[in-house]
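Asker: Please find coords_35.tsv (TSV, C-alpha atoms) on the next line:
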```tsv
chain	number	residue	atom	x	y	z
A	2	MET	CA	10.16	-39.32	-10.83
A	3	ARG	CA	10.13	-43.02	-9.90
A	4	ARG	CA	11.32	-42.26	-6.38
A	5	PHE	CA	8.55	-39.69	-5.92
A	6	LEU	CA	5.88	-42.19	-7.01
A	7	LEU	CA	7.12	-44.85	-4.61
A	8	LEU	CA	7.13	-42.51	-1.63
A	9	ALA	CA	3.88	-40.70	-2.30
A	10	SER	CA	0.88	-41.43	-0.12
A	11	THR	CA	-1.21	-42.28	-3.17
A	12	LEU	CA	-0.07	-44.22	-6.21
A	13	LEU	CA	-1.61	-46.15	-9.07
A	14	LEU	CA	-0.78	-49.82	-9.62
A	15	GLY	CA	-1.66	-51.94	-12.66
A	16	PRO	CA	-3.11	-52.37	-15.20
A	17	VAL	CA	-3.49	-55.91	-16.41
A	18	SER	CA	-5.20	-56.39	-19.78
A	19	ARG	CA	-6.38	-59.69	-21.15
A	20	GLY	CA	-8.40	-61.01	-24.05
A	21	GLY	CA	-8.85	-60.30	-27.71
A	22	GLU	CA	-10.80	-57.70	-29.59
A	23	GLY	CA	-13.74	-56.48	-27.53
A	24	GLU	CA	-12.52	-58.35	-24.45
A	25	TYR	CA	-10.63	-56.76	-21.60
A	26	PHE	CA	-9.92	-56.95	-17.90
A	27	ASN	CA	-8.36	-53.61	-16.96
A	28	VAL	CA	-8.11	-53.00	-13.24
A	29	PHE	CA	-6.07	-50.30	-11.51
A	30	LEU	CA	-5.41	-50.12	-7.76
A	31	ARG	CA	-5.22	-46.55	-6.49
A	32	ILE	CA	-3.46	-46.93	-3.16
A	33	ASP	CA	-3.70	-44.42	-0.33
A	34	TYR	CA	-1.34	-44.88	2.64
A	35	ALA	CA	-2.14	-41.58	4.37
A	36	SER	CA	-4.16	-42.92	7.32
A	37	ALA	CA	-1.65	-45.68	8.08
A	38	GLU	CA	1.33	-43.32	7.83
A	39	LYS	CA	-0.20	-40.66	10.07
A	40	THR	CA	-1.50	-43.17	12.61
A	41	LEU	CA	1.89	-44.87	12.90
A	42	GLU	CA	3.58	-41.52	13.48
A	43	LEU	CA	1.12	-40.91	16.30
A	44	TYR	CA	1.71	-44.39	17.78
A	45	GLN	CA	5.45	-43.73	17.73
A	46	GLY	CA	5.03	-40.34	19.42
A	47	LEU	CA	6.58	-38.53	16.47
A	48	SER	CA	3.70	-36.29	15.46
A	49	GLY	CA	0.05	-36.40	14.54
A	50	ARG	CA	-3.18	-34.59	15.35
A	51	PRO	CA	-6.06	-36.99	16.16
A	52	ALA	CA	-8.59	-34.74	14.42
A	53	ASP	CA	-6.55	-34.72	11.20
A	54	ILE	CA	-6.12	-38.51	11.22
A	55	ALA	CA	-9.78	-39.18	11.99
A	56	ALA	CA	-10.85	-36.97	9.08
A	57	LEU	CA	-8.88	-38.96	6.46
A	58	ARG	CA	-10.99	-41.03	4.10
A	59	GLY	CA	-9.35	-44.33	5.01
A	60	SER	CA	-9.91	-43.60	8.70
A	61	GLN	CA	-13.54	-42.72	8.07
A	62	ILE	CA	-14.30	-45.99	6.28
A	63	ALA	CA	-12.51	-47.98	9.01
A	64	LEU	CA	-14.49	-46.08	11.65
A	65	SER	CA	-17.87	-46.72	10.05
A	66	THR	CA	-17.10	-50.39	9.41
A	67	THR	CA	-15.95	-50.89	13.01
A	68	SER	CA	-19.21	-49.34	14.19
A	69	PHE	CA	-21.21	-51.71	11.98
A	70	LEU	CA	-19.33	-54.84	13.06
A	71	ALA	CA	-19.30	-53.90	16.73
A	72	GLN	CA	-23.02	-53.16	16.52
A	73	ARG	CA	-22.66	-49.90	18.42
A	74	PRO	CA	-22.73	-46.21	17.46
A	75	LEU	CA	-19.24	-44.83	16.86
A	76	ASP	CA	-18.65	-41.37	15.43
A	77	THR	CA	-15.65	-39.21	14.50
A	78	PRO	CA	-15.29	-37.77	18.05
A	79	ALA	CA	-15.08	-41.36	19.38
A	80	LEU	CA	-12.21	-42.09	16.98
A	81	GLU	CA	-10.50	-38.82	17.86
A	82	GLN	CA	-10.80	-39.68	21.56
A	83	ALA	CA	-9.20	-43.09	20.99
A	84	LEU	CA	-6.35	-41.54	19.00
A	85	GLU	CA	-5.89	-38.91	21.69
A	86	ALA	CA	-5.69	-41.60	24.37
A	87	VAL	CA	-3.10	-43.63	22.49
A	88	LYS	CA	-1.07	-40.50	21.73
A	89	PHE	CA	-0.75	-39.62	25.42
A	90	ASN	CA	-0.54	-43.22	26.64
A	91	GLN	CA	-3.89	-43.07	28.42
A	92	GLY	CA	-6.38	-45.87	29.04
A	93	LEU	CA	-8.22	-47.06	25.93
A	94	GLY	CA	-11.21	-48.62	27.69
A	95	ASP	CA	-12.65	-51.53	25.71
A	96	ASP	CA	-10.36	-50.53	22.80
A	97	VAL	CA	-12.92	-51.16	20.05
A	98	PHE	CA	-10.41	-49.97	17.41
A	99	ARG	CA	-7.69	-52.34	18.73
A	100	MET	CA	-5.10	-49.59	19.06
A	101	ARG	CA	-3.41	-51.12	22.09
A	102	ASP	CA	-2.08	-54.08	20.08
A	103	ALA	CA	-1.28	-51.84	17.11
A	104	ARG	CA	0.87	-49.56	19.24
A	105	ALA	CA	2.68	-52.58	20.72
A	106	ASN	CA	3.46	-53.84	17.20
A	107	VAL	CA	4.25	-50.46	15.69
A	108	ALA	CA	7.77	-51.38	14.54
A	109	ALA	CA	6.53	-54.43	12.63
A	110	ILE	CA	3.62	-52.46	11.14
A	111	ARG	CA	6.01	-49.71	10.01
A	112	GLU	CA	8.29	-52.31	8.42
A	113	LEU	CA	5.39	-53.86	6.53
A	114	LEU	CA	4.14	-50.47	5.37
A	115	GLU	CA	7.58	-49.58	4.01
A	116	GLU	CA	7.78	-52.97	2.26
A	117	ALA	CA	4.45	-52.30	0.57
A	118	GLN	CA	5.67	-48.91	-0.60
A	119	LYS	CA	8.88	-50.35	-2.03
A	120	ARG	CA	7.47	-53.39	-3.84
A	121	ASN	CA	4.97	-53.00	-6.65
A	122	PHE	CA	2.51	-55.76	-5.85
A	123	GLY	CA	-0.51	-54.43	-7.78
A	124	GLN	CA	0.19	-56.17	-11.08
A	125	LYS	CA	0.65	-59.56	-9.44
A	126	VAL	CA	-2.56	-59.14	-7.46
A	127	VAL	CA	-4.64	-58.17	-10.47
A	128	SER	CA	-3.12	-60.91	-12.66
A	129	THR	CA	-4.10	-63.50	-10.04
A	130	VAL	CA	-7.65	-62.21	-9.85
A	131	ALA	CA	-8.08	-62.01	-13.64
A	132	GLN	CA	-7.67	-65.79	-13.93
A	133	LEU	CA	-11.02	-66.30	-12.20
A	134	PHE	CA	-13.07	-64.29	-14.69
A	135	PRO	CA	-14.56	-65.42	-18.03
A	136	ALA	CA	-12.49	-64.68	-21.10
A	137	ALA	CA	-15.14	-62.23	-22.30
A	138	ALA	CA	-15.38	-60.45	-18.94
A	139	ARG	CA	-15.52	-56.69	-19.37
A	140	VAL	CA	-14.10	-55.12	-16.23
A	141	ASN	CA	-12.57	-51.69	-16.57
A	142	THR	CA	-12.19	-49.89	-13.27
A	143	VAL	CA	-10.02	-48.02	-10.79
A	144	ILE	CA	-10.28	-49.41	-7.26
A	145	PRO	CA	-9.30	-47.18	-4.33
A	146	VAL	CA	-7.30	-49.10	-1.69
A	147	TYR	CA	-6.89	-47.42	1.70
A	148	PHE	CA	-4.32	-48.68	4.21
A	149	VAL	CA	-5.08	-48.05	7.89
A	150	ALA	CA	-3.54	-49.12	11.22
A	151	PHE	CA	-6.61	-49.74	13.39
A	152	GLY	CA	-10.00	-51.42	13.13
A	153	HIS	CA	-12.35	-54.15	14.30
A	154	GLN	CA	-10.80	-57.30	15.75
A	155	ASN	CA	-12.38	-59.69	13.21
A	156	ILE	CA	-11.51	-57.91	9.97
A	157	ASP	CA	-8.13	-57.46	8.31
A	158	ALA	CA	-9.49	-56.15	4.99
A	159	PHE	CA	-12.86	-55.44	3.47
A	160	VAL	CA	-14.70	-54.00	0.47
A	161	ARG	CA	-17.46	-51.40	0.79
A	162	ARG	CA	-19.49	-49.52	-1.79
A	163	VAL	CA	-19.06	-45.86	-0.94
A	164	ILE	CA	-20.58	-42.55	-1.97
A	165	TRP	CA	-18.60	-39.65	-0.51
A	166	ARG	CA	-20.32	-36.64	1.06
A	167	GLY	CA	-17.26	-34.45	1.31
A	168	ASP	CA	-14.90	-36.78	3.19
A	169	SER	CA	-17.69	-38.70	4.95
A	170	PRO	CA	-18.60	-42.11	3.51
A	171	VAL	CA	-22.15	-43.26	2.87
A	172	PHE	CA	-22.31	-47.01	2.31
A	173	THR	CA	-24.60	-48.28	-0.44
A	174	GLY	CA	-25.91	-51.56	-1.83
A	175	GLU	CA	-25.28	-53.51	-5.02
A	176	GLY	CA	-24.92	-51.38	-8.14
A	177	GLU	CA	-24.37	-48.10	-6.32
A	178	GLY	CA	-21.31	-46.23	-5.07
A	179	GLU	CA	-17.59	-46.73	-5.61
A	180	LEU	CA	-16.15	-50.13	-4.72
A	181	THR	CA	-13.46	-49.38	-2.16
A	182	ILE	CA	-10.97	-51.59	-0.31
A	183	VAL	CA	-9.55	-50.98	3.17
A	184	VAL	CA	-6.57	-52.97	4.50
A	185	ASN	CA	-5.73	-52.94	8.22
A	186	LEU	CA	-1.94	-53.28	8.58
A	187	ALA	CA	-2.34	-53.83	12.33
A	188	LYS	CA	-3.91	-57.20	11.50
A	189	CYS	CA	-1.59	-58.00	8.59
A	190	VAL	CA	1.46	-58.21	10.88
A	191	ASN	CA	0.01	-61.46	12.23
A	192	TYR	CA	0.48	-63.27	8.91
A	193	GLY	CA	3.98	-64.56	9.68
A	194	ARG	CA	7.20	-64.04	11.57
A	195	SER	CA	9.19	-62.30	8.84
A	196	VAL	CA	8.35	-59.20	6.86
A	197	ASP	CA	8.44	-61.29	3.66
A	198	GLU	CA	5.85	-63.73	5.02
A	199	ARG	CA	3.69	-60.83	6.13
A	200	PHE	CA	4.02	-59.13	2.76
A	201	ILE	CA	2.96	-62.30	0.93
A	202	GLY	CA	0.04	-62.68	3.33
A	203	MET	CA	-0.98	-59.11	2.63
A	204	LEU	CA	-0.80	-59.76	-1.11
A	205	SER	CA	-3.21	-62.62	-0.58
A	206	VAL	CA	-5.59	-60.42	1.40
A	207	VAL	CA	-5.50	-57.65	-1.19
A	208	ALA	CA	-6.16	-60.18	-3.97
A	209	HIS	CA	-9.14	-61.46	-2.00
A	210	GLU	CA	-10.61	-57.97	-1.78
A	211	VAL	CA	-9.71	-57.02	-5.36
A	212	PHE	CA	-11.66	-60.09	-6.46
A	213	HIS	CA	-14.72	-58.79	-4.60
A	214	ALA	CA	-14.36	-55.34	-6.12
A	215	ALA	CA	-13.79	-56.65	-9.67
A	216	PHE	CA	-16.69	-59.06	-9.27
A	217	GLY	CA	-18.88	-56.15	-8.21
A	218	VAL	CA	-17.94	-54.21	-11.36
A	219	TYR	CA	-18.55	-57.30	-13.49
A	220	LYS	CA	-22.00	-57.79	-11.94
A	221	ASP	CA	-22.92	-54.17	-12.60
A	222	GLY	CA	-22.50	-54.78	-16.35
A	223	SER	CA	-23.95	-58.30	-16.51
A	224	PRO	CA	-27.59	-58.82	-17.63
A	225	VAL	CA	-27.54	-62.21	-15.85
A	226	TRP	CA	-26.61	-60.65	-12.54
A	227	LYS	CA	-28.99	-57.72	-12.96
A	228	ASN	CA	-31.81	-60.20	-13.46
A	229	TYR	CA	-30.64	-62.22	-10.46
A	230	TYR	CA	-30.80	-59.25	-8.11
A	231	ALA	CA	-34.16	-58.19	-9.55
A	232	THR	CA	-35.71	-61.61	-8.92
A	233	HIS	CA	-33.85	-62.95	-5.87
A	234	ARG	CA	-34.57	-60.68	-2.94
A	235	THR	CA	-35.13	-63.02	0.01
A	236	PRO	CA	-32.74	-63.26	2.99
A	237	LEU	CA	-31.80	-66.79	1.90
A	238	ASP	CA	-30.94	-65.47	-1.57
A	239	GLN	CA	-28.62	-62.98	0.12
A	240	LEU	CA	-26.91	-65.78	2.03
A	241	LEU	CA	-26.45	-67.87	-1.12
A	242	ASP	CA	-25.03	-64.85	-2.99
A	243	LEU	CA	-22.66	-64.07	-0.12
A	244	SER	CA	-21.49	-67.68	0.08
A	245	HIS	CA	-20.74	-67.73	-3.65
A	246	ASN	CA	-18.88	-64.41	-3.60
A	247	GLU	CA	-16.96	-64.91	-0.36
A	248	GLY	CA	-16.38	-68.59	-1.05
A	249	ILE	CA	-14.43	-67.95	-4.25
A	250	ALA	CA	-12.48	-65.13	-2.59
A	251	TYR	CA	-11.62	-67.36	0.39
A	252	TYR	CA	-10.56	-70.10	-2.00
A	253	LEU	CA	-8.32	-67.66	-3.86
A	254	THR	CA	-6.62	-66.88	-0.55
A	255	LEU	CA	-6.30	-70.60	0.25
A	256	VAL	CA	-4.64	-71.27	-3.11
A	257	GLN	CA	-2.12	-68.48	-2.55
A	258	SER	CA	-1.34	-69.42	1.05
A	259	SER	CA	-1.29	-73.25	0.87
A	260	ARG	CA	-1.85	-74.26	-2.77
A	261	GLY	CA	-5.46	-75.06	-1.93
A	262	LYS	CA	-4.66	-77.51	0.88
A	263	LEU	CA	-6.79	-77.52	4.01
A	264	PRO	CA	-5.22	-77.77	7.48
A	265	PRO	CA	-5.33	-81.23	9.18
A	266	ASP	CA	-8.64	-80.45	10.86
A	267	GLY	CA	-10.00	-78.48	7.91
A	268	LEU	CA	-12.49	-81.09	6.70
A	269	GLU	CA	-14.03	-81.48	10.13
A	270	ARG	CA	-14.30	-77.72	10.50
A	271	ALA	CA	-15.87	-77.55	7.06
A	272	ARG	CA	-18.52	-80.09	8.06
A	273	ARG	CA	-19.41	-77.94	11.06
A	274	SER	CA	-19.71	-74.89	8.79
A	275	PHE	CA	-22.03	-76.78	6.42
A	276	ALA	CA	-24.19	-77.91	9.35
A	277	GLU	CA	-24.44	-74.33	10.60
A	278	PHE	CA	-25.16	-73.11	7.07
A	279	ASN	CA	-28.05	-75.60	6.79
A	280	ARG	CA	-29.48	-74.60	10.18
A	281	ASN	CA	-29.33	-70.89	9.44
A	282	ALA	CA	-30.76	-71.33	5.95
A	283	ALA	CA	-33.76	-73.09	7.49
A	284	GLU	CA	-34.18	-70.26	9.98
A	285	LEU	CA	-34.02	-67.62	7.25
A	286	ILE	CA	-37.07	-69.08	5.49
A	287	ALA	CA	-39.01	-69.83	8.68
A	288	PRO	CA	-42.19	-67.69	8.89
A	289	GLY	CA	-41.42	-66.31	12.35
A	290	THR	CA	-37.89	-65.08	11.62
A	291	THR	CA	-37.71	-61.32	12.08
A	292	PHE	CA	-35.97	-58.90	9.74
A	293	ARG	CA	-33.41	-58.06	12.46
A	294	ARG	CA	-32.66	-61.73	13.08
A	295	SER	CA	-32.21	-62.31	9.34
A	296	GLU	CA	-29.77	-59.41	9.18
A	297	ASP	CA	-27.77	-60.88	12.07
A	298	ILE	CA	-27.64	-64.34	10.48
A	299	ILE	CA	-26.31	-62.94	7.21
A	300	ARG	CA	-23.85	-60.56	8.90
A	301	LEU	CA	-22.39	-63.28	11.15
A	302	SER	CA	-22.00	-65.65	8.20
A	303	ASN	CA	-18.93	-63.64	7.16
A	304	THR	CA	-17.79	-61.54	10.13
A	305	SER	CA	-17.28	-64.07	12.93
A	306	GLY	CA	-13.62	-64.93	12.55
A	307	TYR	CA	-12.19	-67.18	9.82
A	308	TRP	CA	-13.54	-70.66	10.55
A	309	GLU	CA	-16.60	-69.31	12.34
A	310	SER	CA	-17.77	-67.44	9.21
A	311	TYR	CA	-19.91	-70.37	8.11
A	312	GLY	CA	-21.20	-68.72	4.91
A	313	ALA	CA	-17.71	-67.93	3.60
A	314	ILE	CA	-16.24	-71.30	4.65
A	315	THR	CA	-19.09	-73.24	3.08
A	316	GLY	CA	-18.59	-71.30	-0.14
A	317	MET	CA	-14.82	-71.85	0.00
A	318	ILE	CA	-15.24	-75.63	0.24
A	319	ILE	CA	-17.71	-75.61	-2.65
A	320	ALA	CA	-15.34	-73.50	-4.80
A	321	ARG	CA	-12.41	-75.76	-3.90
A	322	GLN	CA	-14.33	-78.91	-4.77
A	323	ILE	CA	-15.52	-77.50	-8.10
A	324	ASP	CA	-12.02	-76.29	-9.04
A	325	GLN	CA	-10.21	-79.48	-8.04
A	326	THR	CA	-12.78	-81.94	-9.42
A	327	LEU	CA	-14.44	-80.23	-12.40
A	328	GLY	CA	-11.61	-77.83	-13.30
A	329	ARG	CA	-10.97	-74.11	-13.27
A	330	GLN	CA	-13.27	-73.40	-16.22
A	331	ALA	CA	-16.21	-74.84	-14.28
A	332	LEU	CA	-15.51	-72.46	-11.40
A	333	VAL	CA	-15.12	-69.53	-13.81
A	334	GLU	CA	-18.54	-70.38	-15.30
A	335	THR	CA	-20.17	-69.69	-11.94
A	336	ILE	CA	-18.86	-66.12	-12.06
A	337	ALA	CA	-20.90	-65.60	-15.23
A	338	ASN	CA	-23.93	-67.69	-14.28
A	339	GLY	CA	-24.40	-66.90	-10.59
A	340	PRO	CA	-25.21	-68.79	-7.37
A	341	ALA	CA	-27.66	-71.22	-9.01
A	342	ASP	CA	-24.84	-72.62	-11.18
A	343	PHE	CA	-22.40	-72.61	-8.23
A	344	PHE	CA	-24.69	-74.68	-6.02
A	345	ALA	CA	-25.93	-76.88	-8.88
A	346	LYS	CA	-22.37	-77.92	-9.68
A	347	TYR	CA	-21.83	-78.80	-6.04
A	348	ALA	CA	-25.10	-80.78	-5.97
A	349	ASP	CA	-23.68	-82.90	-8.79
A	350	LEU	CA	-20.46	-83.40	-6.83
A	351	MET	CA	-22.46	-84.46	-3.75
A	352	LYS	CA	-24.06	-87.20	-5.87
A	353	ARG	CA	-20.68	-88.37	-7.12
A	354	ASP	CA	-18.95	-88.42	-3.74
A	355	GLY	CA	-20.91	-89.08	-0.56
A	356	GLY	CA	-17.89	-88.09	1.50
A	357	VAL	CA	-18.02	-84.36	0.75
A	358	PRO	CA	-19.79	-82.06	3.25
A	359	SER	CA	-23.50	-82.00	2.51
A	360	LEU	CA	-25.94	-79.17	1.93
A	361	SER	CA	-29.54	-79.77	2.91
A	362	PRO	CA	-32.27	-80.47	0.32
A	363	LEU	CA	-33.84	-77.16	1.40
A	364	VAL	CA	-30.70	-75.24	0.45
A	365	MET	CA	-30.33	-77.04	-2.86
A	366	GLN	CA	-33.98	-76.45	-3.74
A	367	ALA	CA	-33.73	-72.73	-2.90
A	368	ALA	CA	-30.47	-72.35	-4.86
A	369	ALA	CA	-32.00	-73.91	-7.97
A	370	ARG	CA	-34.76	-71.29	-8.24
```
Please go through the file and, once you have read it, give me the structure as structure tokens.
Answerer:
Amino acid sequence: MRRFLLLASTLLLGPVSRGGEGEYFNVFLRIDYASAEKTLELYQGLSGRPADIAALRGSQIALSTTSFLAQRPLDTPALEQALEAVKFNQGLGDDVFRMRDARANVAAIRELLEEAQKRNFGQKVVSTVAQLFPAAARVNTVIPVYFVAFGHQNIDAFVRRVIWRGDSPVFTGEGEGELTIVVNLAKCVNYGRSVDERFIGMLSVVAHEVFHAAFGVYKDGSPVWKNYYATHRTPLDQLLDLSHNEGIAYYLTLVQSSRGKLPPDGLERARRSFAEFNRNAAELIAPGTTFRRSEDIIRLSNTSGYWESYGAITGMIIARQIDQTLGRQALVETIANGPADFFAKYADLMKRDGGVPSLSPLVMQAAAR
């Protein structure tokens, strides 16, 4: 029975429970490897029908997300055509799904996939994430996790809220749909030279995304967060919310990968992110800023490559400073209290230490509303 569960395309990992009576943090990861397995078989020339692979749920979410990030229409026939081209070693054109590199790294991707299937990493991931939530947090959920082997060049993993129409995903906003994670193994093979390094890197990525999903479930049941979304609807509010959410998730990854240490040029890069954050925040509230431009500003704040994602990096530095100066409980409090508390705590730290990267008075005033 154990051998069957380890080799199946879908398995359930977890749970982790925490807290006393009336308190719990129960999160299961329901992992689906089907798209990755079938795509790798096609890359290796073993078998695989493009239409069957494109129809899989993991493939469909990766397709729709690639279309969104590439800012161009991409449909199922476009994915089938790309899979057909890679199967018969034909030209891939601009290769929007990045299949050329995936095929070149197929042996390493296969090795990492097999490592993931052998080693039960779900409990460790969920235990790590649980530490960031309040003791009274009530999170009880099953999170689908789809592994794929293609996708947009800037994203290795992501969370989407999904409502399924058959096997076609419809993406929704806060409070709607099923929180779903997709992990692109073709990007995960870049995390290190050995399969163990890559596996640890993938654990970090999955923890990052599980945090987002668990945070989404927590928000759905929180009166504080329901009130926040009911009263904070401006584009700048969206940027502040994103920076809080992504910032803590990025910091979680930083802690796992380097014990919270920045690279040698990290502080200088952080200052550039803060400067860009301040500029874009000012543009978001400017009277002449169009809806489309606001959408682009918010989208690029977290989808422009690691250090270029100024919203996420700014949030990461804030989370790091709160955790290392005020303590973990102070950071956990922002999960319960929202962006206003997150930015207020950093405003206090800016007063204490003039050397930390600075947010503009405009940002601090908007965050305090």
Asker: What is the distance, in Å and to one decimal place, between CA of Leu301 (chain A) and CA of Asp242 (chain A)?
Answerer: 14.5 Å
Asker: With all atoms listed in the file as the basis for distance, which of A:Asp197, A:Phe278, A:Val140, A:Gly167 is at the shortest distance from Phe216 (chain A)?
Answerer: A:Val140
Asker: Considering all atoms listed in the file, return as a list in words whatever protein or nucleic-acid residues lie within 7 Å of Ala187 (chain A), sequence-local ones (same chain, fewer than 2 positions apart) excluded.
Answerer: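 Using all atoms listed in the file, the neighbours found are Ala103, Ile110, Ala150, Phe151, Asn185, Cys189 and Val190 of chain A.
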Asker: Have a look at A:Ser48, A:Asn106, A:Gln366, A:Asn121 and name the one nearest to Phe89 (chain A); count only C-alpha atoms.
Answerer: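 So, comparing all the options, the nearest one is A:Ser48.
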Asker: For CA of Leu64 (chain A) and CA of Leu80 (chain A), quote the distance in Å rounded to one decimal.
Answerer: 7.0 Å
Asker: Interatomic distance between CA of Asp238 (chain A) and CA of Phe344 (chain A)?
Answerer: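 Between CA of Asp238 (chain A) and CA of Phe344 (chain A) the gap is 12.0 Å.
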Asker: Using all atoms listed in the file, which of A:Ala287, A:Leu263, A:Ala282, A:Ala341 sits nearest His245 (chain A)?
Answerer: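 Smallest separation from His245 (chain A) among the options: A:Ala341.
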Asker: List every protein, DNA or RNA residue with an atom no more than 12 Å from (2.6, -53.3, 8.5) in the file's coordinates, counting only C-alpha atoms, and format the result as a PyMOL selection string.
Answerer: chain A and resi 34+37-38+40-41+103-104+106-118+148-151+157+184-193+195-203
Asker: Could you give me, as JSON, numbers by chain, the residues that sit within 6 Å of (-13.9, -65.1, 4.1) in the file's coordinates, counting only C-alpha atoms?
Answerer: {"A": [247, 251, 313]}
Asker: Could you list, as a CSV table (one decimal) with C-alpha atoms, in the coordinates of the input, every residue within 9 Å of Thr315 (chain A), counting all atoms listed in the file and ignoring same-chain residues fewer than 3 positions away?
Answerer:
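Written file, part.csv:
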```csv
chain,number,residue,atom,x,y,z
A,244,SER,CA,-21.5,-67.7,0.1
A,245,HIS,CA,-20.7,-67.7,-3.6
A,248,GLY,CA,-16.4,-68.6,-1.0
A,271,ALA,CA,-15.9,-77.6,7.1
A,272,ARG,CA,-18.5,-80.1,8.1
A,274,SER,CA,-19.7,-74.9,8.8
A,275,PHE,CA,-22.0,-76.8,6.4
A,278,PHE,CA,-25.2,-73.1,7.1
A,310,SER,CA,-17.8,-67.4,9.2
A,311,TYR,CA,-19.9,-70.4,8.1
A,312,GLY,CA,-21.2,-68.7,4.9
A,318,ILE,CA,-15.2,-75.6,0.2
A,319,ILE,CA,-17.7,-75.6,-2.6
A,320,ALA,CA,-15.3,-73.5,-4.8
A,358,PRO,CA,-19.8,-82.1,3.2
```
Asker: Would you kindly return, as a list in words, each protein, DNA or RNA residue with an atom no farther than 6 Å from any atom of Tyr252 (chain A), considering only C-alpha atoms and excluding same-chain residues fewer than 3 positions away?
Answerer: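 Here the qualifying residues turn out to be Ile249, Leu255 and Met317 of chain A.
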Asker: For Arg120 (chain A), which of A:Gln132, A:Leu204, A:Pro78, A:Phe292 is the closest residue, counting all atoms listed in the file?
Answerer: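 Using all atoms listed in the file, the shortest distance to Arg120 (chain A) belongs to A:Leu204.
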Asker: Using all atoms listed in the file for the distances, tell me which of A:Gln45, A:Ala138, A:Lys125, A:Asn279 is nearest to Pro362 (chain A).
Answerer: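 Selected residue with least distance to Pro362 (chain A): A:Asn279.
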Asker: Under the rule that only C-alpha atoms are counted, which of A:Gly267, A:Gly306, A:Gly222, A:Gly59 is the nearest residue to Pro145 (chain A)?
Answerer: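 When distances to Pro145 (chain A) are compared using only C-alpha atoms, the smallest one comes from A:Gly59.
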Asker: List the spatial neighbours of region 223-225 of chain A as a PyMOL selection string - criterion: any atom at most 9 Å away, all atoms listed in the file, same-chain residues fewer than 6 positions off excluded.
Answerer: chain A and resi 337-339
Asker: Using all atoms listed in the file, which protein or nucleic acid residues come within 12 Å of Thr326 (chain A)? Drop anything in the same chain fewer than 3 positions from it, and give the result as a list of chain:residue names.
Answerer: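 The residues that qualify are A:Ile318, A:Ile319, A:Ala320, A:Arg321, A:Gln322, A:Ile323, A:Arg329, A:Gln330, A:Ala331, A:Leu332, A:Lys346, A:Tyr347, A:Asp349, A:Leu350, A:Met351, A:Arg353, A:Asp354, A:Val357.
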Asker: Enclose all atoms of region 125-135 of chain A listed in the file in an axis-aligned box, grow every side by 6 Å, and hand back centre and edge lengths in Å to one decimal, as AutoDock Vina command-line options.
Answerer:
```
--center_x -7.0 --center_y -62.2 --center_z -12.7 --size_x 27.2 --size_y 20.1 --size_z 22.6
```
